[in-house]
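Enquirer: Below you'll find the structure I mean.
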Amino acid sequence: MCSIIGYTGRLYAAPILVQSLKRMEYRGYDSVGIATINNGKILIRKGIGKVAEVNESLDLGHLPGQIGIGHTRWATHGGVTDKNAHPHPGCTNDIAVVHNGIIENYSELKAELIGLGHKFKSQTDSEVIAHLLELHYSSHRDIRQAMIETCKKLSGTYAFVAVFEDGTVSGARYDEPLIIGIVDSGCFISSDVLGFIEYTDKAIFLDNRDIVVSNRDRLELFDFDGHSVTRPITQVAWELGAAEKGKYTHHTLKEIHEQIQTIIEAGNQNNEKLYSFCDILSNAKNLYITGSGTSYHSALIAKHLFSRFAKIRCETIMSSEFQYMLDAVDDKSVLIAISQSGETADVLQAVKIARQMGSKILSVVNIPTSSVARISDSFLSVNCGPEIGVAATKSFTGQLSVLYSIVDTLCNGCVGISRDKSEIIKAIELVLDDEIKIAEIADTMEDTKDIYILGRSLHYPISLEGALKIKELAYIHAEGIPAGEIKHGPLALIEKNTIVIVINPSDATYNSTISSAYEIKARGATVIGISDKLDEVYDHFIKIAKVSDPLFPLVEVIPLQILAYYLALKKKADPDYPRNLAKSVTVR
Ligand code: AGP
């Protein structure tokens with residue numbers, strides 16, 4: 001949700017921190033701040049806005065010092081204000097803290113600390129960490145002990161990094177990611193590898209209850225009980241850093257276009273991993289699939305594919321609902337978790353609950369070093385590179401491509417995607433060639449307040465996904481509806497010029513869906529068709545190529561992504577960073 005970064009080393013910290021925060025801005029972008037140490041003094045600058053804006057107004061990058069911490073915020077406790085921006089100092093200026101997560105017992109702690117004379121400056125839960133550290137540090141000036149005492153007091157989920165006036169940077173993790181990047185004479189402590197990948201590919205992934213204390217001479221790891229711990233150094237792929245916009249105006253548009261390659265990459269799974277994944281899956285007594293948002297829509301498609309082609313029944317459960325639906329989850333169950341980030345708190349909670357009940361965990365993730373991947377018995381990677389746009393695009397089709405490969409393995413190649421992806425790639429190229437035409441359709445929808453998207457069978461999850469893209473990118477109310485359900489109620493919403501998008505490729509659903517389109521048209525709606533087959537019912541038509549039936553979702557979602565992107569531009573919204581959202585939702 002928020003991004004945190006700490007740096008100690010030979011270089012000037014401030015410009016490095018600003019650059020790191022820009023790369024991790026997808027995690028939250030309400031406000032920004034950094035703190036550095038210069039001549040034994042902590043200097044703090046912070047303000048509301050995006051990294052580039054705050055950097056320009058407050059000149060963050062010119063704070064002196066070779067040690068520092070930084071933060072971008074996604075507000076949970078306390079409004080979006082300069083005062084609530086991180087870093088937070090205690091009462092004295094000996095310590096400053098940046099935090100990601102939620103401190104659940106902050107009001108009790110705050111009351112206790114106020115009773116001891118501490119003065120709070122913000123409304124955040126995070127500030128209690130600074131005061132707790134100050135309390136424990138001031139008594140014996142022992143950073144190690146202060147960190148342990150502080151962590152023992154906190155409940156909730158957190159990763160935080162603190163800077164101390166003596167030049168030490170220290171971090172702790174509990175259910176939020178924290179990764180060390182090792183550089184000469186120092187280190188980074190970061191929410192994401194992207195925070196340091198420009199400087200090093202040597203990373204240490206901290207476990208829950210790990211604390212790191214670092215300065216130029218030492219890097220010490222221990223747990224909340226004070227016992228030393230060792231964690232392996234992992235070499236992370238430099239490609240993780242390939243997060244530039246290139247020739248595109250936005251990451252989101254670039255990522256939409258990248259799907260031609262990323263679908264292939266995602267489908268190229270290592271056979272051994274794929275077989276062992278499928279082995280676990282096919283031995284399940286009960287199979288569940290979970291995910292949030294877009295990843296949940298992938299789960300819905302997987303459910304159809306498993307049932308139709310592999311004759312495997314499964315249940316899909318939104319991760320945020322998983323805790324309420326545990327009746328049949330047991331040690332003979334298998335849970336497949338789908339997640340781009342592998343850090344979504346709801347998904348992690350579902351995985352942990354299933355694990356506690358003895359289930360096996362499989363996952364499909366884009367970040368192979370993520371928490372979900374690391375807890376899994378077996379995982380498959382989507383391999384689509386960093387997705388910076390907050391709206392999932394290439395990770396969605398990447399997840400589908402992995403799921404098709406799984407189904408193909410289970411049904412001995414009956415879907416056919418493992419053999420040949422050229423049909424799909426050509427079809428996607430055709431849609432991308434129509435970008436301007438889709439942008440022109442978006443032009444006609446400028447004043448639209450509601451958009452309905454219809455689809456049946458495999459196309460229904462795509463209607464949900466298209467609606468989600470329109471909501472989050474263009475701030476327009478949009479709803480995916482199973483086409484057959486329209487007559488059971490939603491038809492009452494249709495009036496003259498209501499926009500209805502109909503996903504209607506020429507498969508077994510075609511005839512029924514075209515009838516739904518006529519029913520809607522008869523009530524005055526403007527109908528936009530996405531199909532390989534033209535029909536006079538459509539006021540606007542987005543042609544897609546004919547592909548083998550089960551593969552249509554991979555193609556038909558792309559015009560919806562493009563449409564949402566151009567609607568966002570029309571609304572003057574920033575497609576990469578939709579308001580109120582964050583890419584990685586690490587709070588529940
Ligand atoms: C998708 O456009 C959204 N930004 C969001 O729904 C996202 O898919 C969801 O938060 C799940 O994230 P994950 O795949 O990283 O777990």
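Identifiers in this document derive from the order of the structure tokens: chains are assigned A, B, ..., residues are numbered from 1 separately in each chain, and ligands are numbered from 1 in order of occurrence.
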Could you list, as a ChimeraX atom specification, all residues that come within 7 Å of ligand 1? Count only C-alpha atoms and all ligand atoms.
Expert: /A:291-295,338-344,347,390-393,468-469,583-585
Enquirer: Skipping near chain neighbours, those fewer than 3 positions away, what residues fall within 8 Å of segment 357-361 of chain A using only C-alpha atoms, listed as a ChimeraX atom specification?
Expert: /A:280,329-337,351,353-354,375-378
Enquirer: Generate a file of the selected residues that holds C-alpha atoms, formatted as a PDB file, in the first residue's frame.
Expert:
```
ATOM      1  CA  ILE A 280      -0.891 -31.667  -6.739  1.00  0.00           C
ATOM      2  CA  VAL A 329     -11.384 -26.709   3.512  1.00  0.00           C
ATOM      3  CA  ASP A 330      -9.256 -29.487   4.991  1.00  0.00           C
ATOM      4  CA  ASP A 331      -6.029 -31.439   4.600  1.00  0.00           C
ATOM      5  CA  LYS A 332      -7.264 -33.075   1.405  1.00  0.00           C
ATOM      6  CA  SER A 333      -8.034 -29.723  -0.173  1.00  0.00           C
ATOM      7  CA  VAL A 334      -5.911 -27.708  -2.554  1.00  0.00           C
ATOM      8  CA  LEU A 335      -6.109 -23.926  -2.814  1.00  0.00           C
ATOM      9  CA  ILE A 336      -4.859 -22.171  -5.952  1.00  0.00           C
ATOM     10  CA  ALA A 337      -4.073 -18.522  -5.187  1.00  0.00           C
ATOM     11  CA  VAL A 351      -3.546 -18.827   1.889  1.00  0.00           C
ATOM     12  CA  ILE A 353      -6.006 -19.980   6.677  1.00  0.00           C
ATOM     13  CA  ALA A 354      -5.999 -22.809   4.123  1.00  0.00           C
ATOM     14  CA  ILE A 375       4.384 -19.995   1.098  1.00  0.00           C
ATOM     15  CA  SER A 376       3.183 -22.191  -1.782  1.00  0.00           C
ATOM     16  CA  ASP A 377       3.921 -25.899  -2.231  1.00  0.00           C
ATOM     17  CA  SER A 378       4.334 -25.133  -5.906  1.00  0.00           C
TER      18      SER A 378
END
```
Enquirer: Please identify the strand (DSSP E or B) residues within segment 165-402 of chain A (assignment by DSSP from backbone atoms) and present them as a PyMOL selection string.
Expert: chain A and resi 169-175+179-183+186-190+202-205+210-214+219-223+228+234-235+286-291+315-318+333-339+360-365+378-381
Enquirer: Identify all residues of segment 26-93 of chain A in helix (DSSP H, G or I) (DSSP on the backbone) and supply them as a ChimeraX atom specification.
Expert: /A:26-27,51-58,60-62
Enquirer: Fewer than 5 positions away in the same chain doesn't count, so skip those; otherwise give me all residues within 10 Å of His540 of chain A, counting only C-alpha atoms, as a PDB file with all heavy atoms, in the first residue's frame.
Expert:
```pdb
ATOM      1  N   LYS A 437      -9.505   3.510 -33.625  1.00  0.00           N
ATOM      2  CA  LYS A 437     -10.944   3.340 -33.775  1.00  0.00           C
ATOM      3  C   LYS A 437     -11.617   3.208 -32.395  1.00  0.00           C
ATOM      4  O   LYS A 437     -12.671   3.802 -32.130  1.00  0.00           O
ATOM      5  CB  LYS A 437     -11.202   2.078 -34.610  1.00  0.00           C
ATOM      6  CG  LYS A 437     -12.657   1.884 -34.910  1.00  0.00           C
ATOM      7  CD  LYS A 437     -12.892   0.645 -35.746  1.00  0.00           C
ATOM      8  CE  LYS A 437     -14.372   0.341 -35.696  1.00  0.00           C
ATOM      9  NZ  LYS A 437     -14.677  -0.985 -36.143  1.00  0.00           N
ATOM     10  N   ILE A 438     -10.966   2.458 -31.507  1.00  0.00           N
ATOM     11  CA  ILE A 438     -11.534   2.282 -30.155  1.00  0.00           C
ATOM     12  C   ILE A 438     -11.511   3.620 -29.413  1.00  0.00           C
ATOM     13  O   ILE A 438     -12.460   3.980 -28.709  1.00  0.00           O
ATOM     14  CB  ILE A 438     -10.776   1.182 -29.382  1.00  0.00           C
ATOM     15  CG1 ILE A 438     -10.910  -0.152 -30.135  1.00  0.00           C
ATOM     16  CG2 ILE A 438     -11.308   1.034 -27.957  1.00  0.00           C
ATOM     17  CD1 ILE A 438     -10.012  -1.268 -29.632  1.00  0.00           C
ATOM     18  N   ILE A 441     -14.439   5.553 -30.437  1.00  0.00           N
ATOM     19  CA  ILE A 441     -15.670   5.106 -29.754  1.00  0.00           C
ATOM     20  C   ILE A 441     -15.709   5.727 -28.345  1.00  0.00           C
ATOM     21  O   ILE A 441     -16.742   6.200 -27.887  1.00  0.00           O
ATOM     22  CB  ILE A 441     -15.746   3.564 -29.706  1.00  0.00           C
ATOM     23  CG1 ILE A 441     -15.848   3.011 -31.133  1.00  0.00           C
ATOM     24  CG2 ILE A 441     -16.946   3.096 -28.866  1.00  0.00           C
ATOM     25  CD1 ILE A 441     -15.839   1.499 -31.243  1.00  0.00           C
ATOM     26  N   THR A 444     -17.191   9.099 -28.189  1.00  0.00           N
ATOM     27  CA  THR A 444     -18.655   9.226 -28.246  1.00  0.00           C
ATOM     28  C   THR A 444     -19.285   8.948 -26.869  1.00  0.00           C
ATOM     29  O   THR A 444     -20.482   9.110 -26.703  1.00  0.00           O
ATOM     30  CB  THR A 444     -19.275   8.224 -29.255  1.00  0.00           C
ATOM     31  OG1 THR A 444     -19.097   6.900 -28.738  1.00  0.00           O
ATOM     32  CG2 THR A 444     -18.649   8.323 -30.640  1.00  0.00           C
ATOM     33  N   ILE A 501     -22.213  -2.665 -23.732  1.00  0.00           N
ATOM     34  CA  ILE A 501     -21.191  -3.346 -24.542  1.00  0.00           C
ATOM     35  C   ILE A 501     -21.520  -4.839 -24.501  1.00  0.00           C
ATOM     36  O   ILE A 501     -21.753  -5.403 -23.421  1.00  0.00           O
ATOM     37  CB  ILE A 501     -19.777  -3.110 -23.964  1.00  0.00           C
ATOM     38  CG1 ILE A 501     -19.475  -1.604 -23.922  1.00  0.00           C
ATOM     39  CG2 ILE A 501     -18.719  -3.850 -24.785  1.00  0.00           C
ATOM     40  CD1 ILE A 501     -18.179  -1.239 -23.201  1.00  0.00           C
ATOM     41  N   THR A 526     -27.640   2.212 -26.727  1.00  0.00           N
ATOM     42  CA  THR A 526     -26.580   2.250 -27.738  1.00  0.00           C
ATOM     43  C   THR A 526     -25.747   0.994 -27.518  1.00  0.00           C
ATOM     44  O   THR A 526     -25.221   0.784 -26.416  1.00  0.00           O
ATOM     45  CB  THR A 526     -25.699   3.503 -27.549  1.00  0.00           C
ATOM     46  OG1 THR A 526     -26.538   4.643 -27.676  1.00  0.00           O
ATOM     47  CG2 THR A 526     -24.566   3.549 -28.547  1.00  0.00           C
ATOM     48  N   VAL A 527     -25.661   0.170 -28.543  1.00  0.00           N
ATOM     49  CA  VAL A 527     -25.013  -1.133 -28.361  1.00  0.00           C
ATOM     50  C   VAL A 527     -23.642  -1.158 -29.052  1.00  0.00           C
ATOM     51  O   VAL A 527     -23.520  -0.851 -30.233  1.00  0.00           O
ATOM     52  CB  VAL A 527     -25.904  -2.275 -28.916  1.00  0.00           C
ATOM     53  CG1 VAL A 527     -25.251  -3.631 -28.679  1.00  0.00           C
ATOM     54  CG2 VAL A 527     -27.280  -2.236 -28.269  1.00  0.00           C
ATOM     55  N   ILE A 528     -22.629  -1.503 -28.257  1.00  0.00           N
ATOM     56  CA  ILE A 528     -21.269  -1.649 -28.808  1.00  0.00           C
ATOM     57  C   ILE A 528     -20.966  -3.144 -28.834  1.00  0.00           C
ATOM     58  O   ILE A 528     -21.024  -3.807 -27.786  1.00  0.00           O
ATOM     59  CB  ILE A 528     -20.233  -0.916 -27.933  1.00  0.00           C
ATOM     60  CG1 ILE A 528     -20.594   0.574 -27.839  1.00  0.00           C
ATOM     61  CG2 ILE A 528     -18.822  -1.120 -28.475  1.00  0.00           C
ATOM     62  CD1 ILE A 528     -19.742   1.354 -26.850  1.00  0.00           C
ATOM     63  N   GLY A 529     -20.673  -3.669 -30.006  1.00  0.00           N
ATOM     64  CA  GLY A 529     -20.411  -5.103 -30.122  1.00  0.00           C
ATOM     65  C   GLY A 529     -18.924  -5.397 -30.176  1.00  0.00           C
ATOM     66  O   GLY A 529     -18.166  -4.696 -30.852  1.00  0.00           O
ATOM     67  N   ILE A 530     -18.515  -6.433 -29.453  1.00  0.00           N
ATOM     68  CA  ILE A 530     -17.145  -6.949 -29.601  1.00  0.00           C
ATOM     69  C   ILE A 530     -17.321  -8.376 -30.091  1.00  0.00           C
ATOM     70  O   ILE A 530     -17.816  -9.248 -29.364  1.00  0.00           O
ATOM     71  CB  ILE A 530     -16.390  -6.938 -28.253  1.00  0.00           C
ATOM     72  CG1 ILE A 530     -16.256  -5.512 -27.730  1.00  0.00           C
ATOM     73  CG2 ILE A 530     -15.015  -7.602 -28.400  1.00  0.00           C
ATOM     74  CD1 ILE A 530     -15.554  -5.395 -26.372  1.00  0.00           C
ATOM     75  N   LEU A 534     -20.070  -9.400 -37.598  1.00  0.00           N
ATOM     76  CA  LEU A 534     -20.802  -8.121 -37.625  1.00  0.00           C
ATOM     77  C   LEU A 534     -22.311  -8.386 -37.609  1.00  0.00           C
ATOM     78  O   LEU A 534     -22.787  -9.366 -38.182  1.00  0.00           O
ATOM     79  CB  LEU A 534     -20.413  -7.355 -38.903  1.00  0.00           C
ATOM     80  CG  LEU A 534     -21.049  -5.991 -39.105  1.00  0.00           C
ATOM     81  CD1 LEU A 534     -20.674  -5.024 -37.986  1.00  0.00           C
ATOM     82  CD2 LEU A 534     -20.632  -5.396 -40.446  1.00  0.00           C
TER      83      LEU A 534
END
```
Enquirer: Quick one: of A:Gln145, A:Leu253, A:Tyr510, A:His118, who's nearest to His227 of chain A, counting only C-alpha atoms?
Expert: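 Once distances to His227 of chain A are computed over only C-alpha atoms, the minimum belongs to A:Gln145.
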Enquirer: Quick one: everything within 12 Å of segment 214-222 of chain A, counting only C-alpha atoms, minus sequence neighbours fewer than 4 positions away in the same chain. Send it as a VMD selection string.
Expert: chain A and resid 6 to 11 66 to 68 143 to 145 147 to 148 161 to 173 180 to 189 204 to 210 226 to 232
Enquirer: Quick one: everything within 7 Å of His477 of chain A, counting only C-alpha atoms, minus sequence neighbours fewer than 6 positions away in the same chain. Send it as a PyMOL selection string.
Expert: chain A and resi 449-451+471
Enquirer: Include N, CA, C and O atoms and write out the residues we just selected as an mmCIF file, in the first residue's frame.
Expert:
```cif
data_model
loop_
_atom_site.group_PDB
_atom_site.id
_atom_site.type_symbol
_atom_site.label_atom_id
_atom_site.label_comp_id
_atom_site.auth_asym_id
_atom_site.auth_seq_id
_atom_site.Cartn_x
_atom_site.Cartn_y
_atom_site.Cartn_z
ATOM 1 N N LYS A 449 -22.713 8.053 -17.901
ATOM 2 C CA LYS A 449 -22.604 7.886 -16.433
ATOM 3 C C LYS A 449 -22.565 6.399 -16.060
ATOM 4 O O LYS A 449 -22.045 6.020 -15.024
ATOM 5 N N ASP A 450 -23.196 5.561 -16.894
ATOM 6 C CA ASP A 450 -23.259 4.125 -16.599
ATOM 7 C C ASP A 450 -22.953 3.333 -17.870
ATOM 8 O O ASP A 450 -23.423 3.689 -18.944
ATOM 9 N N ILE A 451 -22.210 2.264 -17.684
ATOM 10 C CA ILE A 451 -21.932 1.366 -18.815
ATOM 11 C C ILE A 451 -22.216 -0.062 -18.346
ATOM 12 O O ILE A 451 -21.777 -0.462 -17.248
ATOM 13 N N LYS A 471 -14.239 1.301 -14.362
ATOM 14 C CA LYS A 471 -14.429 1.946 -13.055
ATOM 15 C C LYS A 471 -13.115 2.563 -12.569
ATOM 16 O O LYS A 471 -13.069 3.713 -12.189
#
```
Enquirer: In Å, rounded to a single decimal, give me how far atom CA of Asp175 of chain A is from atom CA of Ala14 of chain A.
Expert: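 Distance reported for this atom pair: 27.6 Å.
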Enquirer: Near Lys546 of chain A, counting only C-alpha atoms, which residues have an atom at most 10 Å away, once you skip same-chain residues fewer than 2 positions from it, shown as an NGL selection string?
Expert: :A and (423-424 or 427 or 505-507 or 531-533 or 543-544 or 548-549 or 551-552 or 555)
Enquirer: Can those selected residues be exported to a file as an mmCIF file, in the first residue's frame so that it contains N, CA, C and O atoms?
Expert:
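Written output follows (again-v1.cif):
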```
data_model
loop_
_atom_site.group_PDB
_atom_site.id
_atom_site.type_symbol
_atom_site.label_atom_id
_atom_site.label_comp_id
_atom_site.auth_asym_id
_atom_site.auth_seq_id
_atom_site.Cartn_x
_atom_site.Cartn_y
_atom_site.Cartn_z
ATOM 1 N N GLU A 423 -2.032 -17.974 -33.559
ATOM 2 C CA GLU A 423 -3.404 -17.528 -33.821
ATOM 3 C C GLU A 423 -3.796 -16.389 -32.861
ATOM 4 O O GLU A 423 -4.336 -15.356 -33.271
ATOM 5 N N ILE A 424 -3.453 -16.584 -31.604
ATOM 6 C CA ILE A 424 -3.775 -15.588 -30.581
ATOM 7 C C ILE A 424 -3.003 -14.299 -30.817
ATOM 8 O O ILE A 424 -3.536 -13.192 -30.736
ATOM 9 N N ALA A 427 -4.407 -12.328 -33.583
ATOM 10 C CA ALA A 427 -5.693 -11.731 -33.200
ATOM 11 C C ALA A 427 -5.462 -10.507 -32.304
ATOM 12 O O ALA A 427 -6.152 -9.490 -32.449
ATOM 13 N N PRO A 505 -18.506 -13.236 -29.228
ATOM 14 C CA PRO A 505 -17.824 -13.954 -30.299
ATOM 15 C C PRO A 505 -18.667 -15.145 -30.789
ATOM 16 O O PRO A 505 -19.600 -15.566 -30.101
ATOM 17 N N SER A 506 -18.304 -15.651 -31.948
ATOM 18 C CA SER A 506 -19.169 -16.676 -32.552
ATOM 19 C C SER A 506 -18.866 -18.071 -31.985
ATOM 20 O O SER A 506 -18.313 -18.928 -32.657
ATOM 21 N N ASP A 507 -19.227 -18.273 -30.728
ATOM 22 C CA ASP A 507 -19.140 -19.615 -30.151
ATOM 23 C C ASP A 507 -20.537 -20.044 -29.722
ATOM 24 O O ASP A 507 -21.533 -19.469 -30.174
ATOM 25 N N SER A 531 -16.981 -8.604 -31.347
ATOM 26 C CA SER A 531 -17.250 -9.917 -31.932
ATOM 27 C C SER A 531 -16.426 -10.111 -33.205
ATOM 28 O O SER A 531 -15.883 -9.147 -33.758
ATOM 29 N N ASP A 532 -16.369 -11.361 -33.662
ATOM 30 C CA ASP A 532 -15.762 -11.633 -34.969
ATOM 31 C C ASP A 532 -16.838 -11.566 -36.050
ATOM 32 O O ASP A 532 -16.543 -11.734 -37.237
ATOM 33 N N LYS A 533 -18.089 -11.352 -35.638
ATOM 34 C CA LYS A 533 -19.193 -11.413 -36.599
ATOM 35 C C LYS A 533 -20.006 -10.119 -36.511
ATOM 36 O O LYS A 533 -20.559 -9.798 -35.441
ATOM 37 N N LYS A 543 -14.153 -5.213 -34.118
ATOM 38 C CA LYS A 543 -13.978 -6.561 -34.683
ATOM 39 C C LYS A 543 -12.790 -7.250 -34.027
ATOM 40 O O LYS A 543 -11.720 -6.661 -33.871
ATOM 41 N N ILE A 544 -13.022 -8.483 -33.651
ATOM 42 C CA ILE A 544 -11.895 -9.316 -33.214
ATOM 43 C C ILE A 544 -11.813 -10.501 -34.176
ATOM 44 O O ILE A 544 -12.808 -10.841 -34.814
ATOM 45 N N SER A 548 -9.796 -20.153 -31.718
ATOM 46 C CA SER A 548 -10.494 -21.325 -31.167
ATOM 47 C C SER A 548 -11.298 -20.888 -29.942
ATOM 48 O O SER A 548 -10.816 -20.105 -29.110
ATOM 49 N N ASP A 549 -12.501 -21.428 -29.819
ATOM 50 C CA ASP A 549 -13.484 -20.941 -28.840
ATOM 51 C C ASP A 549 -12.944 -20.598 -27.445
ATOM 52 O O ASP A 549 -13.164 -19.494 -26.962
ATOM 53 N N LEU A 551 -10.270 -19.700 -26.362
ATOM 54 C CA LEU A 551 -9.231 -18.676 -26.268
ATOM 55 C C LEU A 551 -9.760 -17.256 -26.464
ATOM 56 O O LEU A 551 -9.020 -16.283 -26.301
ATOM 57 N N PHE A 552 -11.027 -17.105 -26.802
ATOM 58 C CA PHE A 552 -11.577 -15.773 -27.038
ATOM 59 C C PHE A 552 -11.305 -14.777 -25.892
ATOM 60 O O PHE A 552 -11.006 -13.616 -26.151
ATOM 61 N N VAL A 555 -8.418 -12.430 -26.177
ATOM 62 C CA VAL A 555 -8.475 -11.402 -27.224
ATOM 63 C C VAL A 555 -9.502 -10.330 -26.862
ATOM 64 O O VAL A 555 -9.235 -9.136 -26.964
#
```
Enquirer: Could you state the separation of atom CA of Ile263 of chain A and atom CA of Gly466 of chain A in Å, given to one decimal place?
Expert: 18.2 Å
